[in-house]
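Asks: This is the structure I have questions about; it appears just below.
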Amino acid sequence: MKQYKTILAAFLIALFSMQSASAGIGSSGAQFLQIGAGIRAISMGQAYAGYADGIDALYWNPAGIASLSKNMHLNINHAEYLADMSFDNFAFSAPLFGGTFGVSGAGLLSGDIDVTTVEDPDGTGDTYTANDFYTGLSYARNLTGKFAAGITVKLVNQNIAELSAFGWAMDIGAVYRTGLFNNLTLGFSVTNFGPDMRYTGDDIIFRTKVYQEETGQAEDVRAEYLTEEYQLPLKLQLGFAIDVINSEPKAGAGG
């Protein structure tokens with residue numbers, strides 16, 4: 001047990017260090033990664049990171065799916081979001097290699113957006129889309145009867161019109177069920193830890209004239225605007241939960 005307490009402490013120190021190093025440096029993009037999933041999880045807010053015990057844990061704290069080591073689970077959701085957008089997500093888990101394997105994904109979809117210009121403020125007749133996606137692979141395992149750890153590796157894609165940005169991110173977390181004081185459970189997770197992303201694509205490619213000293217003439221060359229890199233929304237979550245009401249029947253009770 002002592003070694004797992006040491007591991008947990010080391011994880012906390014490392015993750016706090018990562019948060020301190022990354023926080024406050026400009027603004028972050030890919031904000032759709034912070035949209036939660038699961039009615040119960042959303043209603044609990046950040047506290048769900050400490051209670052995570054179901055398929056929705058894939059979006060909050062991957063260690064939580066370690067409790068799903070006996071059966072397969074599947075969850076699919078569709079929600080009408082703001083400004084005629086939609087948010088879709090799915091999560092699947094299955095027992096594997098003594099732990100639990102998970103697959104998750106989400107998409108924030110804009111639908112068709114009219115192209116407008118100064119000359120045609122009501123629309124040119126053309127449309128474009130602005131969609132965000134991610135897909136993640138997870139694995140979690142109970143290291144003891146009380147301590148579980150999990151990890152998720154995600155591929156992230158954002159696109160708008162003819163521009164796209166690709167990247168990857170990692171979620172890592174742990175849950176410790178103390179067995180004390182009304183089943184006190186502690187948990188933490190760090191989500192969306194990964195390298196910066198940058199948009200590329202046809203919409204930032206253009207042709208321009210460059211003067212050539214050798215020939216004394218301007219030559220038509222292909223050029224590209226350099227877009228600025230942006231950070232992913234790194235987030236540290238800490239939570240705890242207790243059973244306020246014990247609904248288990250008392251010994252000897254019966255109908």
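Ligands are numbered from 1 in the order shown, chains are lettered A, B, ... in the order of the structure tokens, and residues start at 1 in each chain.
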Near Val221 of chain A, counting only C-alpha atoms, which residues have an atom at most 7 Å away, once you skip same-chain residues fewer than 4 positions from it, shown as a list of chain:residue names?

Replies: A:Arg207, A:Thr208, A:Lys209, A:Val210

Asks: Convert the current residue selection to file output with N, CA and C atoms, as a PDB file, in the first residue's frame.

Replies:
ATOM      1  N   ARG A 207      -0.352  33.574 -54.310  1.00  0.00           N
ATOM      2  CA  ARG A 207       0.772  33.818 -55.203  1.00  0.00           C
ATOM      3  C   ARG A 207       1.115  35.302 -55.164  1.00  0.00           C
ATOM      4  N   THR A 208       2.411  35.598 -55.242  1.00  0.00           N
ATOM      5  CA  THR A 208       2.865  36.983 -55.165  1.00  0.00           C
ATOM      6  C   THR A 208       4.083  37.180 -56.078  1.00  0.00           C
ATOM      7  N   LYS A 209       4.421  38.421 -56.282  1.00  0.00           N
ATOM      8  CA  LYS A 209       5.571  38.746 -57.119  1.00  0.00           C
ATOM      9  C   LYS A 209       6.796  38.996 -56.247  1.00  0.00           C
ATOM     10  N   VAL A 210       7.914  38.369 -56.590  1.00  0.00           N
ATOM     11  CA  VAL A 210       9.170  38.541 -55.862  1.00  0.00           C
ATOM     12  C   VAL A 210      10.247  38.979 -56.862  1.00  0.00           C
TER      13      VAL A 210
END

Asks: With only C-alpha atoms counted and 7 Å as the cut-off, give the residues of segment 38-99 of chain A in contact with segment 120-140 of chain A, each with its shortest interatomic distance in Å and the pair that gives it, as a tab-separated table.

Replies:
residue	atom	partner	partner_atom	distance
A:Pro62	CA	A:Ala140	CA	6.5
A:Ala63	CA	A:Ala140	CA	5.2
A:Ile65	CA	A:Ala140	CA	6.2
A:Ala66	CA	A:Ala140	CA	5.0
A:Gly99	CA	A:Ala140	CA	5.8

Asks: Residues near Met72 of chain A, anyone? I mean within 7 Å using only C-alpha atoms, not counting same-chain ones fewer than 5 positions away, as a CSV table (one decimal) with N, CA and C atoms, in the first residue's frame.

Replies:
chain,number,residue,atom,x,y,z
A,93,SER,N,-16.6,0.8,-23.8
A,93,SER,CA,-15.5,0.2,-22.9
A,93,SER,C,-15.7,-1.3,-22.9
A,94,ALA,N,-14.6,-2.0,-22.7
A,94,ALA,CA,-14.7,-3.5,-22.6
A,94,ALA,C,-13.5,-4.0,-21.8
A,95,PRO,N,-13.7,-5.1,-21.1
A,95,PRO,CA,-12.6,-5.7,-20.3
A,95,PRO,C,-11.5,-6.1,-21.2

Asks: For Tyr59 of chain A, list every protein, DNA or RNA residue within 10 Å, evaluated using only C-alpha atoms, and leave out those in the same chain fewer than 4 positions away; present the list as a short mmCIF file (atom, residue, chain, number, x, y, z; two decimals) with C-alpha atoms, in the first residue's frame.

Replies:
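Just written: around_3.cif:
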data_model
loop_
_atom_site.label_atom_id
_atom_site.label_comp_id
_atom_site.auth_asym_id
_atom_site.auth_seq_id
_atom_site.Cartn_x
_atom_site.Cartn_y
_atom_site.Cartn_z
CA LEU A 33 -12.40 19.65 -25.65
CA GLN A 34 -13.79 21.17 -22.45
CA ILE A 35 -17.41 20.33 -23.26
CA GLY A 36 -18.38 17.58 -20.84
CA ALA A 37 -20.55 14.54 -21.47
CA GLY A 38 -23.05 12.68 -19.32
CA ALA A 41 -21.22 14.14 -14.67
CA ALA A 49 -13.26 13.74 -11.44
CA ALA A 52 -15.85 8.90 -11.79
CA ILE A 55 -18.60 5.10 -18.94
CA GLY A 64 -12.95 5.74 -13.58
CA ASN A 89 -20.23 12.00 -28.58
CA PHE A 90 -19.81 8.29 -28.00
CA ALA A 91 -18.03 6.11 -25.48
CA SER A 104 -14.36 7.67 -27.04
CA GLY A 105 -14.96 10.53 -29.42
CA ALA A 106 -16.82 13.77 -29.88
CA GLY A 136 -9.42 8.76 -27.90
CA THR A 152 -6.22 8.35 -22.65
CA ASP A 171 -5.47 12.60 -20.32
CA THR A 191 -6.76 16.50 -19.43
#

Asks: Any chance you could list, as an MDAnalysis selection string, the residues in segment 25-229 of chain A that come up strand (DSSP E) when DSSP is run on the backbone?

Replies: chainID A and resid 73:80 86:96 99:109 113:114 127:128 130:142 147:160 163:177 185:193 200:201 205:212 217:224

Asks: Can you pull out the residues contacting Val175 of chain A? Cut-off 6 Å, using only C-alpha atoms, and skip same-chain residues under 3 positions away; I want them as a PDB file with C-alpha atoms, in the first residue's frame.

Replies:
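Here's the written file around.pdb:
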ATOM      1  CA  PHE A 147      -6.482   2.535  -6.143  1.00  0.00           C
ATOM      2  CA  ALA A 148      -7.089   2.801  -9.909  1.00  0.00           C
ATOM      3  CA  LEU A 186     -10.562  10.969  -3.967  1.00  0.00           C
ATOM      4  CA  GLY A 187      -9.633  11.557  -7.575  1.00  0.00           C
TER       5      GLY A 187
END

Asks: A:Ile205, A:Leu180, A:Val115, A:Val190: which is nearest Leu163 of chain A, counting only C-alpha atoms?

Replies: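 With only C-alpha atoms as the atom set, the closest residue is A:Ile205.
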
Asks: Please compute the atom CA of Ile151 of chain A-atom CA of Trp168 of chain A distance, one decimal, in Å.

Replies: 13.5 Å

Asks: Which residues, written as a ChimeraX atom specification, have at least one atom at most 7 Å from Ser28 of chain A, with only C-alpha atoms counted and residues fewer than 5 positions away on the same chain left out?

Replies: /A:230-233

Asks: Name the residues of segment 19-213 of chain A that fall into alpha helix (DSSP H) according to DSSP on the backbone, using the chain letters and numbers of this document, as a JSON list (two decimals) with N, CA and C atoms, in the first residue's frame.

Replies:
[["chain", "number", "residue", "atom", "x", "y", "z"],
["A", 19, "GLN", "N", 0.85, 21.91, -14.66],
["A", 19, "GLN", "CA", -0.17, 22.95, -14.66],
["A", 19, "GLN", "C", 0.46, 24.32, -14.43],
["A", 20, "SER", "N", 1.38, 24.41, -13.48],
["A", 20, "SER", "CA", 2.02, 25.69, -13.18],
["A", 20, "SER", "C", 2.84, 26.19, -14.36],
["A", 21, "ALA", "N", 3.47, 25.26, -15.07],
["A", 21, "ALA", "CA", 4.32, 25.65, -16.19],
["A", 21, "ALA", "C", 3.51, 26.13, -17.38],
["A", 22, "SER", "N", 2.26, 25.60, -17.54],
["A", 22, "SER", "CA", 1.50, 25.89, -18.74],
["A", 22, "SER", "C", 0.44, 26.97, -18.53],
["A", 39, "ILE", "N", -25.12, 13.43, -18.28],
["A", 39, "ILE", "CA", -25.96, 14.34, -17.50],
["A", 39, "ILE", "C", -25.50, 14.40, -16.05],
["A", 40, "ARG", "N", -25.26, 13.23, -15.45],
["A", 40, "ARG", "CA", -24.86, 13.21, -14.04],
["A", 40, "ARG", "C", -23.50, 13.89, -13.87],
["A", 41, "ALA", "N", -22.57, 13.58, -14.77],
["A", 41, "ALA", "CA", -21.22, 14.14, -14.67],
["A", 41, "ALA", "C", -21.24, 15.67, -14.81],
["A", 42, "ILE", "N", -22.00, 16.18, -15.78],
["A", 42, "ILE", "CA", -22.07, 17.62, -15.99],
["A", 42, "ILE", "C", -22.68, 18.32, -14.79],
["A", 43, "SER", "N", -23.72, 17.70, -14.20],
["A", 43, "SER", "CA", -24.37, 18.32, -13.04],
["A", 43, "SER", "C", -23.44, 18.39, -11.83],
["A", 44, "MET", "N", -22.46, 17.47, -11.76],
["A", 44, "MET", "CA", -21.51, 17.47, -10.65],
["A", 44, "MET", "C", -20.31, 18.38, -10.91],
["A", 48, "TYR", "N", -16.86, 15.52, -10.39],
["A", 48, "TYR", "CA", -17.00, 14.18, -10.96],
["A", 48, "TYR", "C", -15.64, 13.51, -11.17],
["A", 49, "ALA", "N", -14.60, 14.31, -11.29],
["A", 49, "ALA", "CA", -13.26, 13.74, -11.44],
["A", 49, "ALA", "C", -12.90, 12.87, -10.24],
["A", 50, "GLY", "N", -13.47, 13.18, -9.08],
["A", 50, "GLY", "CA", -13.18, 12.39, -7.89],
["A", 50, "GLY", "C", -14.11, 11.22, -7.69],
["A", 51, "TYR", "N", -15.26, 11.22, -8.39],
["A", 51, "TYR", "CA", -16.25, 10.17, -8.21],
["A", 51, "TYR", "C", -16.33, 9.23, -9.41]]

Asks: Find the residues around Gly167 of chain A up to 7 Å (only C-alpha atoms counted), leave out those fewer than 5 positions away in its own chain, and share them as a list in words.

Replies: Leu155, Val156, Asn157 and Met197 of chain A

Asks: Can I get the selected residues back with N, CA and C atoms, as a short mmCIF file (atom, residue, chain, number, x, y, z; two decimals), in the first residue's frame?

Replies:
data_model
loop_
_atom_site.label_atom_id
_atom_site.label_comp_id
_atom_site.auth_asym_id
_atom_site.auth_seq_id
_atom_site.Cartn_x
_atom_site.Cartn_y
_atom_site.Cartn_z
N LEU A 155 -6.51 11.96 -30.57
CA LEU A 155 -6.20 12.66 -31.81
C LEU A 155 -7.22 13.77 -31.98
N VAL A 156 -6.74 14.99 -32.25
CA VAL A 156 -7.61 16.16 -32.31
C VAL A 156 -7.54 16.79 -33.70
N ASN A 157 -8.70 17.16 -34.23
CA ASN A 157 -8.76 17.82 -35.54
C ASN A 157 -9.75 18.98 -35.48
N MET A 197 -1.04 23.41 -31.51
CA MET A 197 -1.57 23.14 -32.84
C MET A 197 -1.49 24.40 -33.70
#

Asks: For a test of reading the model, state the distance in Å between atom CA of Phe206 of chain A and atom CA of Ala218 of chain A, rounded to one decimal.

Replies: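 Distance reported for this atom pair: 15.8 Å.
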